[in-house]
Amino acid sequence: MSIQRPGLPGDLPSPEVLWARWALVAVVEATTEAEESTSYRTGCWIDDEGLHLDDSGCTWWTFSRIGAGRYVLFGEDESSDVKWHEPPVDMLAGGPDWLPYEELRDRLAGNELGCVYWYENGSWARAPNPDDLGDDGLDCGMSRFADREKALWLLADNVPDDGPAADILMDHAEGYRLTPELLESHVAPCDGSPPDLQAMSRALRRAELMPRTATTG
């Protein structure tokens with residue numbers, strides 16, 4: 001699935017698919033050390049706010065569920081021209097009243113926000129972009145999850161690439177039937193360290209990718 005520059009709401013996959021792919025990466029990357037760290041985090045992770053991505057450079061994103069059928073995706077990639085555009089682009093124009101406006105306005109005040117997309121009533125939306133805007137950063141930021149093959153590649157540090165393990169995990173994540181047992185069977189960090197199954201199980205609970213009848217220890 002390709003994303004245009006600047007992105008269009010229709011370029012994004014369904015929020016359930018986007019959530020499943022992103023959450024799977026966050027789950028297999030989860031460690032107790034990272035959970036307990038009070039320093040700057042990188043990679044993908046999940047917490048009470050939702051899913052996060054930070055490449056320790058100029059890309060960061062947050063993806064949150066806001067009640068039934070509502071999601072918000074916001075962040076920044078260095079490719080975005082939005083915050084440099086003149087006249088300024090109102091990234092919150094037309095936004096529904098349930099968006100996390102306090103955080104978004106704080107980000108805007110700190111010149112840290114590149115774009116905002118929201119989902120409700122079965123479709124993605126964003127504020128209008130000016131005709132001469134070159135890029136809003138959505139492609140560089142989200143193509144890694146919009147394209148399934150790119151999402152599979154993100155698992156490479158934690159899932160062996162010489163078999164079907166990544167596809168198996170992705171299939172189960174996208175079907176919302178991922179279990180701790182599948183993680184234990186298929187996750188194997190490439191540095192030879194044992195997978196942190198307890199941390200992954202905690203992340204899996206937060207991600208809600210399990211069948212309703214599954215439990216974690």
# chains A, B, ... in the order shown; residues from 1 in each chain; ligands from 1
>>> residues_around(residues="Ala151 of chain A", least_positions_apart="6", cutoff="9 Å", atoms="only C-alpha atoms", output="list of chain:residue names")
A:Arg21, A:Trp22, A:Val25, A:Ser143, A:Arg144, A:Phe145, A:Met170
>>> select_by_dssp(residues="segment 10-179 of chain A", states="helix (DSSP H, G or I)", output="PyMOL selection string")
chain A and resi 10-11+15-29+32-36+82-84+101-109+138-146+148-153+165-174
>>> closest_atom_pairs(of="segment 59-83 of chain A", to="segment 114-122 of chain A", cutoff="8 Å", atoms="only C-alpha atoms", output="tab-separated table")
residue	atom	partner	partner_atom	distance
A:Gly69	CA	A:Glu120	CA	5.8
A:Arg70	CA	A:Glu120	CA	4.8
A:Tyr71	CA	A:Tyr119	CA	5.0
A:Val72	CA	A:Trp118	CA	4.3
A:Leu73	CA	A:Tyr117	CA	5.1
A:Phe74	CA	A:Val116	CA	4.4
A:Gly75	CA	A:Gly114	CA	5.7
A:Glu76	CA	A:Gly114	CA	4.2
A:Asp77	CA	A:Gly114	CA	6.7
A:Ser80	CA	A:Gly114	CA	6.0
A:Asp81	CA	A:Gly114	CA	7.7
A:Val82	CA	A:Gly114	CA	5.9
A:Lys83	CA	A:Gly114	CA	6.2
>>> closest_residue(among="A:Glu33, A:Met91, A:Gly175, A:Trp60", to="Met142 of chain A", atoms="only C-alpha atoms")
A:Trp60
>>> residues_around(residues="segment 40-56 of chain A", least_positions_apart="4", cutoff="7 Å", atoms="only C-alpha atoms", output="number ranges by chain")
A: 23, 25-26, 30, 60-65, 203
>>> residues_around(residues="Arg202 of chain A", least_positions_apart="5", cutoff="10 Å", atoms="only C-alpha atoms", output="number ranges by chain")
A: 27, 30-32, 35, 46-47, 180, 197, 207, 216-217
>>> atom_distance(atom1="atom CA of Glu16 of chain A", atom2="atom CA of Arg212 of chain A")
15.8 Å
>>> closest_residue(among="A:Val187, A:Cys140, A:Ala165, A:Leu152", to="Gln4 of chain A", atoms="only C-alpha atoms")
A:Cys140
>>> closest_residue(among="A:Gly67, A:Pro195, A:Gly95, A:Pro211", to="Pro128 of chain A", atoms="only C-alpha atoms")
A:Gly95
>>> select_by_dssp(residues="segment 9-194 of chain A", states="strand (DSSP E or B)", output="VMD selection string")
chain A and resid 43 to 47 50 to 54 60 to 65 71 to 76 115 to 120 123 to 126
>>> closest_residue(among="A:Glu103, A:Asp171, A:Asp196, A:Glu184", to="Leu24 of chain A", atoms="only C-alpha atoms")
A:Asp171
>>> closest_residue(among="A:Asn158, A:Ala34, A:Gln198, A:Arg206", to="His186 of chain A", atoms="only C-alpha atoms")
A:Asn158
>>> closest_residue(among="A:Leu154, A:Met200, A:Ser185, A:Glu29", to="Ile168 of chain A", atoms="only C-alpha atoms")
A:Ser185
>>> atom_distance(atom1="atom CA of Asp147 of chain A", atom2="atom CA of Ala166 of chain A")
14.4 Å
>>> atom_distance(atom1="atom CA of Asp136 of chain A", atom2="atom CA of Val89 of chain A")
10.6 Å
>>> decode(residues="segment 169-192 of chain A", atoms="N, CA, C and O atoms", output="compact mmCIF listing (two decimals), in the first residue's frame")
# COMPACT_ATOMS: atom_id res chain seq x y z
N LEU A 169 3.37 -14.77 12.80
CA LEU A 169 3.06 -13.79 13.83
C LEU A 169 2.20 -12.65 13.27
O LEU A 169 1.25 -12.20 13.92
N MET A 170 2.54 -12.18 12.07
CA MET A 170 1.76 -11.09 11.48
C MET A 170 0.34 -11.53 11.18
O MET A 170 -0.63 -10.78 11.43
N ASP A 171 0.17 -12.73 10.65
CA ASP A 171 -1.18 -13.23 10.36
C ASP A 171 -2.02 -13.27 11.63
O ASP A 171 -3.19 -12.86 11.64
N HIS A 172 -1.43 -13.75 12.72
CA HIS A 172 -2.17 -13.86 13.97
C HIS A 172 -2.42 -12.49 14.60
O HIS A 172 -3.48 -12.26 15.20
N ALA A 173 -1.47 -11.58 14.44
CA ALA A 173 -1.69 -10.22 14.95
C ALA A 173 -2.82 -9.54 14.19
O ALA A 173 -3.73 -8.95 14.80
N GLU A 174 -2.79 -9.62 12.87
CA GLU A 174 -3.83 -8.97 12.07
C GLU A 174 -5.19 -9.62 12.29
O GLU A 174 -6.23 -8.97 12.10
N GLY A 175 -5.20 -10.88 12.69
CA GLY A 175 -6.45 -11.55 13.00
C GLY A 175 -6.88 -11.39 14.45
O GLY A 175 -7.89 -11.95 14.87
N TYR A 176 -6.09 -10.65 15.23
CA TYR A 176 -6.34 -10.44 16.66
C TYR A 176 -6.51 -11.78 17.39
O TYR A 176 -7.42 -11.97 18.19
N ARG A 177 -5.55 -12.67 17.11
CA ARG A 177 -5.53 -13.98 17.77
C ARG A 177 -4.10 -14.36 18.17
O ARG A 177 -3.74 -15.53 18.23
N LEU A 178 -3.29 -13.35 18.44
CA LEU A 178 -1.91 -13.58 18.87
C LEU A 178 -1.90 -14.03 20.33
O LEU A 178 -2.67 -13.52 21.14
N THR A 179 -1.03 -14.98 20.66
CA THR A 179 -0.97 -15.51 22.02
C THR A 179 0.46 -15.52 22.53
O THR A 179 1.41 -15.52 21.74
N PRO A 180 0.65 -15.57 23.85
CA PRO A 180 2.00 -15.70 24.41
C PRO A 180 2.71 -16.95 23.92
O PRO A 180 3.93 -16.95 23.74
N GLU A 181 1.95 -18.02 23.69
CA GLU A 181 2.55 -19.26 23.22
C GLU A 181 3.16 -19.10 21.83
O GLU A 181 4.25 -19.63 21.55
N LEU A 182 2.49 -18.36 20.96
CA LEU A 182 3.05 -18.09 19.64
C LEU A 182 4.32 -17.25 19.73
O LEU A 182 5.29 -17.49 19.02
N LEU A 183 4.29 -16.27 20.62
CA LEU A 183 5.49 -15.45 20.80
C LEU A 183 6.65 -16.30 21.30
O LEU A 183 7.78 -16.19 20.80
N GLU A 184 6.39 -17.16 22.27
CA GLU A 184 7.44 -18.01 22.81
C GLU A 184 8.02 -18.94 21.74
O GLU A 184 9.22 -19.22 21.73
N SER A 185 7.17 -19.37 20.80
CA SER A 185 7.60 -20.31 19.77
C SER A 185 8.39 -19.64 18.65
O SER A 185 9.23 -20.28 18.01
N HIS A 186 8.12 -18.36 18.40
CA HIS A 186 8.66 -17.75 17.18
C HIS A 186 9.60 -16.57 17.39
O HIS A 186 10.27 -16.16 16.44
N VAL A 187 9.65 -16.00 18.58
CA VAL A 187 10.53 -14.85 18.80
C VAL A 187 11.89 -15.34 19.27
O VAL A 187 12.00 -16.12 20.22
N ALA A 188 12.93 -14.89 18.59
CA ALA A 188 14.30 -15.27 18.92
C ALA A 188 15.21 -14.11 18.54
O ALA A 188 15.58 -13.95 17.37
N PRO A 189 15.57 -13.24 19.49
CA PRO A 189 16.41 -12.08 19.17
C PRO A 189 17.68 -12.47 18.44
O PRO A 189 18.33 -13.48 18.77
N CYS A 190 18.04 -11.69 17.44
CA CYS A 190 19.19 -12.04 16.60
C CYS A 190 20.51 -11.93 17.34
O CYS A 190 21.52 -12.47 16.88
N ASP A 191 20.53 -11.25 18.51
CA ASP A 191 21.78 -11.16 19.27
C ASP A 191 22.00 -12.39 20.16
O ASP A 191 22.97 -12.44 20.92
N GLY A 192 21.09 -13.34 20.08
CA GLY A 192 21.25 -14.57 20.85
C GLY A 192 20.71 -14.52 22.26
O GLY A 192 20.72 -15.53 22.97
